[in-house]
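Trainee: Coordinates in my_file34.cif, mmCIF, C-alpha atoms; chains and numbers go by the auth columns, are listed below.
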data_structure
#
loop_
_atom_site.group_PDB
_atom_site.id
_atom_site.type_symbol
_atom_site.label_atom_id
_atom_site.label_comp_id
_atom_site.label_asym_id
_atom_site.label_seq_id
_atom_site.Cartn_x
_atom_site.Cartn_y
_atom_site.Cartn_z
_atom_site.B_iso_or_equiv
_atom_site.auth_seq_id
_atom_site.auth_asym_id
ATOM 1 C CA MET A 1 3.509 77.264 -107.453 0.00 185 A
ATOM 2 C CA ALA A 2 0.400 75.191 -108.047 0.00 186 A
ATOM 3 C CA THR A 3 2.034 72.946 -110.655 0.00 187 A
ATOM 4 C CA ILE A 4 4.697 71.678 -108.275 0.00 188 A
ATOM 5 C CA ASP A 5 2.050 71.246 -105.570 0.00 189 A
ATOM 6 C CA LEU A 6 -0.017 69.176 -107.975 0.00 190 A
ATOM 7 C CA ILE A 7 2.924 67.010 -109.021 0.00 191 A
ATOM 8 C CA VAL A 8 3.995 66.270 -105.447 0.00 192 A
ATOM 9 C CA LEU A 9 0.448 65.701 -104.194 0.00 193 A
ATOM 10 C CA GLY A 10 -0.315 63.510 -107.215 0.00 194 A
ATOM 11 C CA ILE A 11 2.730 61.340 -106.597 0.00 195 A
ATOM 12 C CA LEU A 12 1.898 61.023 -102.899 0.00 196 A
ATOM 13 C CA LYS A 13 -1.721 60.211 -103.723 0.00 197 A
ATOM 14 C CA LYS A 14 -0.489 56.986 -105.285 0.00 198 A
ATOM 15 C CA GLU A 15 1.977 56.002 -102.560 0.00 199 A
ATOM 16 C CA ALA A 16 3.806 57.249 -99.482 0.00 200 A
ATOM 17 C CA LEU A 17 7.378 58.266 -100.337 0.00 201 A
ATOM 18 C CA SER A 18 10.350 60.166 -98.983 0.00 202 A
ATOM 19 C CA ALA A 19 11.271 63.500 -100.583 0.00 203 A
ATOM 20 C CA TYR A 20 14.274 61.747 -102.117 0.00 204 A
ATOM 21 C CA ASP A 21 12.027 59.073 -103.643 0.00 205 A
ATOM 22 C CA ILE A 22 9.691 61.762 -105.018 0.00 206 A
ATOM 23 C CA GLN A 23 12.667 63.511 -106.578 0.00 207 A
ATOM 24 C CA LYS A 24 13.916 60.235 -108.108 0.00 208 A
ATOM 25 C CA LEU A 25 10.447 59.506 -109.500 0.00 209 A
ATOM 26 C CA VAL A 26 10.311 62.985 -111.059 0.00 210 A
ATOM 27 C CA GLU A 27 13.692 62.291 -112.645 0.00 211 A
ATOM 28 C CA TYR A 28 12.696 58.788 -113.799 0.00 212 A
ATOM 29 C CA ARG A 29 9.488 60.059 -115.362 0.00 213 A
ATOM 30 C CA ASN A 30 11.367 63.017 -116.895 0.00 214 A
ATOM 31 C CA ILE A 31 8.753 65.362 -115.463 0.00 215 A
ATOM 32 C CA SER A 32 11.299 68.156 -115.231 0.00 216 A
ATOM 33 C CA LYS A 33 11.579 68.098 -119.041 0.00 217 A
ATOM 34 C CA TRP A 34 7.928 69.122 -119.361 0.00 218 A
ATOM 35 C CA VAL A 35 7.260 71.126 -116.197 0.00 219 A
ATOM 36 C CA LYS A 36 9.567 73.629 -114.527 0.00 220 A
ATOM 37 C CA ILE A 37 10.470 71.712 -111.393 0.00 221 A
ATOM 38 C CA SER A 38 13.873 71.334 -109.785 0.00 222 A
ATOM 39 C CA THR A 39 15.259 68.974 -107.161 0.00 223 A
ATOM 40 C CA PRO A 40 15.535 71.676 -104.472 0.00 224 A
ATOM 41 C CA SER A 41 11.982 72.794 -105.202 0.00 225 A
ATOM 42 C CA ILE A 42 10.685 69.285 -104.509 0.00 226 A
ATOM 43 C CA TYR A 43 12.287 69.187 -101.061 0.00 227 A
ATOM 44 C CA LYS A 44 11.024 72.690 -100.235 0.00 228 A
ATOM 45 C CA LYS A 45 7.568 71.853 -101.519 0.00 229 A
ATOM 46 C CA VAL A 46 7.237 68.741 -99.376 0.00 230 A
ATOM 47 C CA ILE A 47 8.079 70.805 -96.282 0.00 231 A
ATOM 48 C CA GLN A 48 5.606 73.532 -97.282 0.00 232 A
ATOM 49 C CA LEU A 49 2.858 70.983 -97.940 0.00 233 A
ATOM 50 C CA LYS A 50 3.496 69.457 -94.526 0.00 234 A
ATOM 51 C CA GLU A 51 3.315 72.887 -92.860 0.00 235 A
ATOM 52 C CA LYS A 52 -0.025 73.486 -94.607 0.00 236 A
ATOM 53 C CA GLY A 53 -1.348 70.146 -93.342 0.00 237 A
ATOM 54 C CA TYR A 54 -1.624 68.551 -96.797 0.00 238 A
ATOM 55 C CA VAL A 55 0.921 65.836 -96.077 0.00 239 A
ATOM 56 C CA LYS A 56 2.054 64.063 -92.957 0.00 240 A
ATOM 57 C CA SER A 57 5.237 62.169 -92.317 0.00 241 A
ATOM 58 C CA HIS A 58 6.501 59.292 -90.311 0.00 242 A
ATOM 59 C CA THR A 59 10.096 58.225 -89.828 0.00 243 A
ATOM 60 C CA VAL A 60 11.332 54.866 -91.067 0.00 244 A
ATOM 61 C CA LYS A 61 14.645 53.108 -90.741 0.00 245 A
ATOM 62 C CA GLU A 62 15.618 50.297 -93.078 0.00 246 A
ATOM 63 C CA GLY A 63 18.583 48.156 -92.075 0.00 247 A
ATOM 64 C CA ASN A 64 21.767 50.181 -91.695 0.00 248 A
ATOM 65 C CA MET A 65 20.349 53.094 -93.671 0.00 249 A
ATOM 66 C CA ALA A 66 19.767 56.457 -92.015 0.00 250 A
ATOM 67 C CA GLU A 67 16.282 57.303 -90.840 0.00 251 A
ATOM 68 C CA LYS A 68 14.128 59.073 -93.394 0.00 252 A
ATOM 69 C CA ALA A 69 10.781 60.801 -93.390 0.00 253 A
ATOM 70 C CA VAL A 70 8.126 59.167 -95.527 0.00 254 A
ATOM 71 C CA TYR A 71 5.262 61.420 -96.584 0.00 255 A
ATOM 72 C CA SER A 72 1.637 60.621 -97.329 0.00 256 A
ATOM 73 C CA LEU A 73 -1.464 62.672 -98.056 0.00 257 A
ATOM 74 C CA THR A 74 -3.808 63.846 -95.345 0.00 258 A
ATOM 75 C CA ASP A 75 -7.531 64.280 -95.967 0.00 259 A
ATOM 76 C CA ALA A 76 -6.824 67.985 -96.506 0.00 260 A
ATOM 77 C CA GLY A 77 -4.120 66.995 -99.020 0.00 261 A
ATOM 78 C CA GLU A 78 -6.604 64.830 -100.921 0.00 262 A
ATOM 79 C CA LYS A 79 -9.002 67.783 -101.107 0.00 263 A
ATOM 80 C CA GLU A 80 -6.217 70.159 -102.176 0.00 264 A
ATOM 81 C CA PHE A 81 -5.135 67.705 -104.894 0.00 265 A
ATOM 82 C CA GLU A 82 -8.676 67.549 -106.290 0.00 266 A
ATOM 83 C CA LYS A 83 -9.058 71.343 -106.025 0.00 267 A
ATOM 84 C CA LEU A 84 -5.804 71.935 -107.919 0.00 268 A
ATOM 85 C CA MET A 85 -6.740 69.393 -110.587 0.00 269 A
ATOM 86 C CA LEU A 86 -10.019 71.177 -111.250 0.00 270 A
ATOM 87 C CA GLU A 87 -8.516 74.681 -111.042 0.00 271 A
ATOM 88 C CA ILE A 88 -5.666 73.961 -113.426 0.00 272 A
ATOM 89 C CA ALA A 89 -7.897 72.027 -115.836 0.00 273 A
ATOM 90 C CA ASP A 90 -10.234 75.058 -115.911 0.00 274 A
ATOM 91 C CA GLN A 91 -7.469 77.508 -116.895 0.00 275 A
ATOM 92 C CA PRO A 92 -6.697 78.387 -120.501 0.00 276 A
ATOM 93 C CA ILE A 93 -3.987 76.111 -121.869 0.00 277 A
ATOM 94 C CA ARG A 94 -0.672 77.916 -122.190 0.00 278 A
ATOM 95 C CA ILE A 95 2.358 76.333 -123.731 0.00 279 A
ATOM 96 C CA PHE A 96 5.506 78.072 -122.566 0.00 280 A
ATOM 97 C CA LEU A 97 8.639 77.351 -124.525 0.00 281 A
ATOM 98 C CA ASP A 98 11.787 79.202 -123.551 0.00 282 A
ATOM 99 C CA PHE A 99 13.048 79.320 -127.103 0.00 283 A
ATOM 100 C CA ASN A 100 9.980 81.366 -128.116 0.00 284 A
ATOM 101 C CA ALA A 101 11.871 84.360 -126.720 0.00 285 A
ATOM 102 C CA VAL A 102 14.491 83.703 -129.410 0.00 286 A
ATOM 103 C CA ILE A 103 11.870 83.275 -132.122 0.00 287 A
ATOM 104 C CA VAL A 104 10.078 86.568 -131.425 0.00 288 A
ATOM 105 C CA ASN A 105 13.425 88.380 -131.560 0.00 289 A
ATOM 106 C CA LEU A 106 14.862 86.683 -134.656 0.00 290 A
ATOM 107 C CA SER A 107 14.167 89.663 -136.895 0.00 291 A
ATOM 108 C CA SER A 108 16.415 91.792 -134.672 0.00 292 A
ATOM 109 C CA LEU A 109 19.437 89.763 -135.753 0.00 293 A
ATOM 110 C CA SER A 110 21.415 89.875 -138.955 0.00 294 A
ATOM 111 C CA PRO A 111 20.448 87.175 -141.466 0.00 295 A
ATOM 112 C CA ASP A 112 23.623 85.225 -140.625 0.00 296 A
ATOM 113 C CA LYS A 113 22.835 85.223 -136.894 0.00 297 A
ATOM 114 C CA GLN A 114 19.211 84.296 -137.627 0.00 298 A
ATOM 115 C CA THR A 115 20.434 81.257 -139.526 0.00 299 A
ATOM 116 C CA ILE A 116 22.706 80.267 -136.637 0.00 300 A
ATOM 117 C CA CYS A 117 19.853 80.567 -134.107 0.00 301 A
ATOM 118 C CA LEU A 118 17.470 78.552 -136.268 0.00 302 A
ATOM 119 C CA GLN A 119 20.130 75.890 -136.813 0.00 303 A
ATOM 120 C CA LYS A 120 20.665 75.590 -133.064 0.00 304 A
ATOM 121 C CA ILE A 121 16.904 75.267 -132.489 0.00 305 A
ATOM 122 C CA GLU A 122 16.692 72.684 -135.263 0.00 306 A
ATOM 123 C CA ASP A 123 19.593 70.686 -133.787 0.00 307 A
ATOM 124 C CA ASN A 124 17.966 70.726 -130.353 0.00 308 A
ATOM 125 C CA ILE A 125 14.595 69.721 -131.819 0.00 309 A
ATOM 126 C CA LYS A 126 16.243 66.774 -133.585 0.00 310 A
ATOM 127 C CA THR A 127 17.865 65.707 -130.307 0.00 311 A
ATOM 128 C CA LEU A 128 14.557 66.000 -128.450 0.00 312 A
ATOM 129 C CA LYS A 129 12.694 64.111 -131.184 0.00 313 A
ATOM 130 C CA ALA A 130 15.201 61.248 -131.064 0.00 314 A
ATOM 131 C CA TYR A 131 14.896 61.124 -127.272 0.00 315 A
ATOM 132 C CA LEU A 132 11.087 61.107 -127.434 0.00 316 A
ATOM 133 C CA GLU A 133 10.923 58.455 -130.140 0.00 317 A
ATOM 134 C CA GLU A 134 13.311 56.222 -128.215 0.00 318 A
ATOM 135 C CA ASN A 135 11.437 56.808 -124.951 0.00 319 A
ATOM 136 C CA ILE A 136 8.075 56.036 -126.585 0.00 320 A
ATOM 137 C CA GLN A 137 9.467 52.894 -128.191 0.00 321 A
ATOM 138 C CA LEU A 138 10.918 51.700 -124.872 0.00 322 A
ATOM 139 C CA LYS A 139 7.740 52.406 -122.907 0.00 323 A
ATOM 140 C CA GLU A 140 4.851 51.713 -125.280 0.00 324 A
ATOM 141 C CA ASN A 141 4.575 48.032 -124.336 0.00 325 A
ATOM 142 C CA VAL A 142 5.415 48.384 -120.639 0.00 326 A
ATOM 143 C CA SER A 143 2.253 47.736 -118.659 0.00 327 A
ATOM 144 C CA GLU A 144 3.417 49.800 -115.640 0.00 328 A
ATOM 145 C CA ILE A 145 3.533 52.980 -117.739 0.00 329 A
ATOM 146 C CA PRO A 146 0.125 54.647 -117.448 0.00 330 A
ATOM 147 C CA GLU A 147 -1.744 55.728 -120.581 0.00 331 A
ATOM 148 C CA THR A 148 -1.542 59.296 -119.346 0.00 332 A
ATOM 149 C CA GLY A 149 2.250 59.107 -119.230 0.00 333 A
ATOM 150 C CA MET A 150 2.326 57.856 -122.797 0.00 334 A
ATOM 151 C CA ALA A 151 -0.105 60.615 -123.788 0.00 335 A
ATOM 152 C CA VAL A 152 2.345 63.250 -122.506 0.00 336 A
ATOM 153 C CA LEU A 153 5.160 61.697 -124.533 0.00 337 A
ATOM 154 C CA GLN A 154 2.957 61.584 -127.649 0.00 338 A
ATOM 155 C CA GLN A 155 1.896 65.195 -127.062 0.00 339 A
ATOM 156 C CA GLN A 156 5.518 66.282 -126.825 0.00 340 A
ATOM 157 C CA LEU A 157 6.381 64.388 -130.017 0.00 341 A
ATOM 158 C CA MET A 158 3.546 66.124 -131.885 0.00 342 A
ATOM 159 C CA LEU A 159 4.776 69.494 -130.651 0.00 343 A
ATOM 160 C CA VAL A 160 8.309 68.674 -131.817 0.00 344 A
ATOM 161 C CA GLN A 161 6.953 67.670 -135.224 0.00 345 A
ATOM 162 C CA SER A 162 5.085 70.984 -135.465 0.00 346 A
ATOM 163 C CA ILE A 163 8.268 72.890 -134.674 0.00 347 A
ATOM 164 C CA GLU A 164 10.110 70.859 -137.317 0.00 348 A
ATOM 165 C CA ASN A 165 7.418 71.808 -139.846 0.00 349 A
ATOM 166 C CA TRP A 166 7.759 75.481 -138.882 0.00 350 A
ATOM 167 C CA ILE A 167 11.540 75.356 -139.342 0.00 351 A
ATOM 168 C CA ASP A 168 11.104 73.630 -142.714 0.00 352 A
ATOM 169 C CA SER A 169 8.697 76.387 -143.797 0.00 353 A
ATOM 170 C CA LEU A 170 11.414 78.975 -143.137 0.00 354 A
ATOM 171 C CA LYS A 171 13.956 77.255 -145.342 0.00 355 A
#
Can the structure from this file be put into structure tokens for me?
Mentor:
Amino acid sequence: MATIDLIVLGILKKEALSAYDIQKLVEYRNISKWVKISTPSIYKKVIQLKEKGYVKSHTVKEGNMAEKAVYSLTDAGEKEFEKLMLEIADQPIRIFLDFNAVIVNLSSLSPDKQTICLQKIEDNIKTLKAYLEENIQLKENVSEIPETGMAVLQQQLMLVQSIENWIDSLK
């Protein structure tokens, strides 16, 4: 999957890391909330990227810790990163939301069940909005957070607000 490739290559473009450190960074940045990426897929992807020659590894041992492989981009990995950036940027923008499958099927439910589904979506949107607002507030004055990271959070907040407006229009 090109998206996971791009995430892993992009992280390794900035610094050499172990697969575990990549996974922790994905968790810390909450990337898995916005892109379908799982912990096992990160480990598999690093191995695949190494097999393709896009990343290389060297083993390090720190103190009493076990040895670990640290990965970095190769020249081919740099080129693949740039290629993926341009390819994905050139594709039509698609926003996939799992709950859209519920929305398109709402009319197949009884009015009572429709109300229950919409209430559950609304509750989850409120939870997500609170999370995003808190996250933005915590990170907006942190110099280490890149503008692009803040832009993703702002984008997600705008999407949540649009969904709130849609739910309000149904009431």
Trainee: Box for region 239-257 of chain A - axis-aligned, 5 Å on each of the six sides, all listed atoms - centre and size in Å to one decimal, as AutoDock Vina command-line options.
Mentor:
--center_x 10.2 --center_y 57.0 --center_z -93.9 --size_x 33.2 --size_y 27.7 --size_z 18.2
Trainee: Calculate how many Å separate CA of Ile215 (chain A) from CA of Asn319 (chain A), rounding to one decimal.
Mentor: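 Atom-to-atom, CA of Ile215 (chain A) to CA of Asn319 (chain A), that is 13.1 Å.
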Trainee: Considering only C-alpha atoms, tabulate each residue of region 249-289 of chain A that lies at most 12 Å from region 301-311 of chain A along with its nearest interatomic pair and the corresponding distance in Å to one decimal; arrange the rows by chain and ascending residue number and present them as a tab-separated table.
Mentor:
residue	atom	partner	partner_atom	distance
A:Leu281	CA	A:Ile305	CA	11.7
A:Asp282	CA	A:Ile305	CA	11.0
A:Phe283	CA	A:Ile305	CA	7.8
A:Asn284	CA	A:Ile305	CA	10.2
A:Ala285	CA	A:Cys301	CA	11.5
A:Val286	CA	A:Cys301	CA	7.8
A:Ile287	CA	A:Leu302	CA	8.4
A:Val288	CA	A:Cys301	CA	11.8
A:Asn289	CA	A:Cys301	CA	10.4
Trainee: Just want the 10 Å neighbourhood of Lys236 (chain A), counted on all atoms listed in the file, with same-chain residues fewer than 6 positions away dropped. Output as JSON, numbers by chain.
Mentor: {"A": [230, 260, 261]}
Trainee: Can you work out which one of A:Leu293, A:Ile279, A:Ser202, A:Met342 has the shortest atom-to-atom distance to Thr243 (chain A), counting only C-alpha atoms?
Mentor: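 Selected residue with least distance to Thr243 (chain A): A:Ser202.
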Trainee: Identify the residues within 8 Å of coordinate (16.7, 79.1, -144.7) (same frame as the file), considering all atoms listed in the file, and give the answer as a count of residues only.
Mentor: 3
Trainee: Up to 7 Å from (10.2, 60.4, -94.9) in the file's coordinates: name the residues, counting only C-alpha atoms, as number ranges by chain.
Mentor: A: 201-203, 241-244, 252-255
Trainee: With distances taken over all atoms listed in the file, which residue among A:Ile188, A:Leu316, A:Leu193, A:Ile329 lies nearest Glu262 (chain A)?
Mentor: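 Once distances to Glu262 (chain A) are computed over all atoms listed in the file, the minimum belongs to A:Leu193.
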Trainee: Mind pulling up the distance from CA of Asp352 (chain A) to CA of Glu317 (chain A)?
Mentor: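 Separation of CA of Glu317 (chain A) and CA of Asp352 (chain A): 19.7 Å.
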Trainee: Kindly give the distance, in Å, that separates CA of Trp350 (chain A) and CA of Leu290 (chain A), rounded to a single decimal.
Mentor: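 According to the coordinates, CA of Trp350 (chain A) and CA of Leu290 (chain A) are separated by 13.9 Å.
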Trainee: Any chance you could work out the residue set of the PyMOL selection byres ((chain A and resi 208-212) around 10) here, as a PyMOL selection string?
Mentor: chain A and resi 191-192+195+201-207+213-217+221-223+226
Trainee: Taking all atoms listed in the file into account, which of A:Lys313, A:Lys267, A:Lys220, A:Lys323 comes nearest Val344 (chain A)?
Mentor: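 Among the listed residues, the smallest separation from Val344 (chain A) belongs to A:Lys313.
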Trainee: Please determine, counting all atoms listed in the file, which residue among A:Val239, A:Ile351, A:Leu341, A:Ala335 has the shortest atom-to-atom distance to Lys197 (chain A).
Mentor: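 Among the listed residues, the smallest separation from Lys197 (chain A) belongs to A:Val239.
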Trainee: Could you list, as a list in words, every residue matched by the PyMOL selection byres ((chain A and resi 268) around 12) in this structure?
Mentor: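 The output of the PyMOL selection byres ((chain A and resi 268) around 12) on this file is Met185, Ala186, Thr187, Ile188, Asp189, Leu190, Ile191, Val192, Leu193, Gly194, Gly261, Glu262, Lys263, Glu264, Phe265, Glu266, Lys267, Met269, Leu270, Glu271, Ile272, Ala273, Asp274 and Gln275 of chain A.
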Trainee: Because the input lacks atoms here, generate N, CA and C atoms for region 222-239 of chain A and report them as a JSON list (two decimals), in the frame of the given file.
Mentor:
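Result went into result08.json, see below:
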[["chain", "number", "residue", "atom", "x", "y", "z"],
["A", 222, "SER", "N", 12.48, 71.68, -110.06],
["A", 222, "SER", "CA", 13.87, 71.33, -109.78],
["A", 222, "SER", "C", 13.94, 70.47, -108.53],
["A", 223, "THR", "N", 15.07, 69.81, -108.34],
["A", 223, "THR", "CA", 15.26, 68.97, -107.16],
["A", 223, "THR", "C", 15.09, 69.76, -105.87],
["A", 224, "PRO", "N", 15.74, 70.93, -105.72],
["A", 224, "PRO", "CA", 15.54, 71.68, -104.47],
["A", 224, "PRO", "C", 14.08, 72.08, -104.26],
["A", 225, "SER", "N", 13.37, 72.37, -105.36],
["A", 225, "SER", "CA", 11.98, 72.79, -105.20],
["A", 225, "SER", "C", 11.11, 71.66, -104.69],
["A", 226, "ILE", "N", 11.46, 70.44, -105.00],
["A", 226, "ILE", "CA", 10.68, 69.28, -104.51],
["A", 226, "ILE", "C", 10.83, 69.18, -102.99],
["A", 227, "TYR", "N", 12.05, 69.28, -102.51],
["A", 227, "TYR", "CA", 12.29, 69.19, -101.06],
["A", 227, "TYR", "C", 11.57, 70.33, -100.33],
["A", 228, "LYS", "N", 11.70, 71.55, -100.85],
["A", 228, "LYS", "CA", 11.02, 72.69, -100.24],
["A", 228, "LYS", "C", 9.52, 72.51, -100.26],
["A", 229, "LYS", "N", 9.01, 72.01, -101.37],
["A", 229, "LYS", "CA", 7.57, 71.85, -101.52],
["A", 229, "LYS", "C", 7.01, 70.84, -100.53],
["A", 230, "VAL", "N", 7.71, 69.75, -100.33],
["A", 230, "VAL", "CA", 7.24, 68.74, -99.38],
["A", 230, "VAL", "C", 7.12, 69.36, -97.98],
["A", 231, "ILE", "N", 8.11, 70.15, -97.60],
["A", 231, "ILE", "CA", 8.08, 70.81, -96.28],
["A", 231, "ILE", "C", 6.91, 71.79, -96.21],
["A", 232, "GLN", "N", 6.72, 72.58, -97.26],
["A", 232, "GLN", "CA", 5.61, 73.53, -97.28],
["A", 232, "GLN", "C", 4.25, 72.82, -97.20],
["A", 233, "LEU", "N", 4.12, 71.73, -97.94],
["A", 233, "LEU", "CA", 2.86, 70.98, -97.94],
["A", 233, "LEU", "C", 2.59, 70.37, -96.56],
["A", 234, "LYS", "N", 3.66, 69.98, -95.89],
["A", 234, "LYS", "CA", 3.50, 69.46, -94.53],
["A", 234, "LYS", "C", 3.05, 70.58, -93.58],
["A", 235, "GLU", "N", 3.68, 71.75, -93.70],
["A", 235, "GLU", "CA", 3.32, 72.89, -92.86],
["A", 235, "GLU", "C", 1.86, 73.29, -93.07],
["A", 236, "LYS", "N", 1.36, 73.13, -94.29],
["A", 236, "LYS", "CA", -0.02, 73.49, -94.61],
["A", 236, "LYS", "C", -1.01, 72.38, -94.19],
["A", 237, "GLY", "N", -0.48, 71.23, -93.77],
["A", 237, "GLY", "CA", -1.35, 70.15, -93.34],
["A", 237, "GLY", "C", -1.83, 69.25, -94.47],
["A", 238, "TYR", "N", -1.21, 69.36, -95.66],
["A", 238, "TYR", "CA", -1.62, 68.55, -96.80],
["A", 238, "TYR", "C", -0.93, 67.19, -96.83],
["A", 239, "VAL", "N", 0.23, 67.12, -96.19],
["A", 239, "VAL", "CA", 0.92, 65.84, -96.08],
["A", 239, "VAL", "C", 1.36, 65.64, -94.63]]
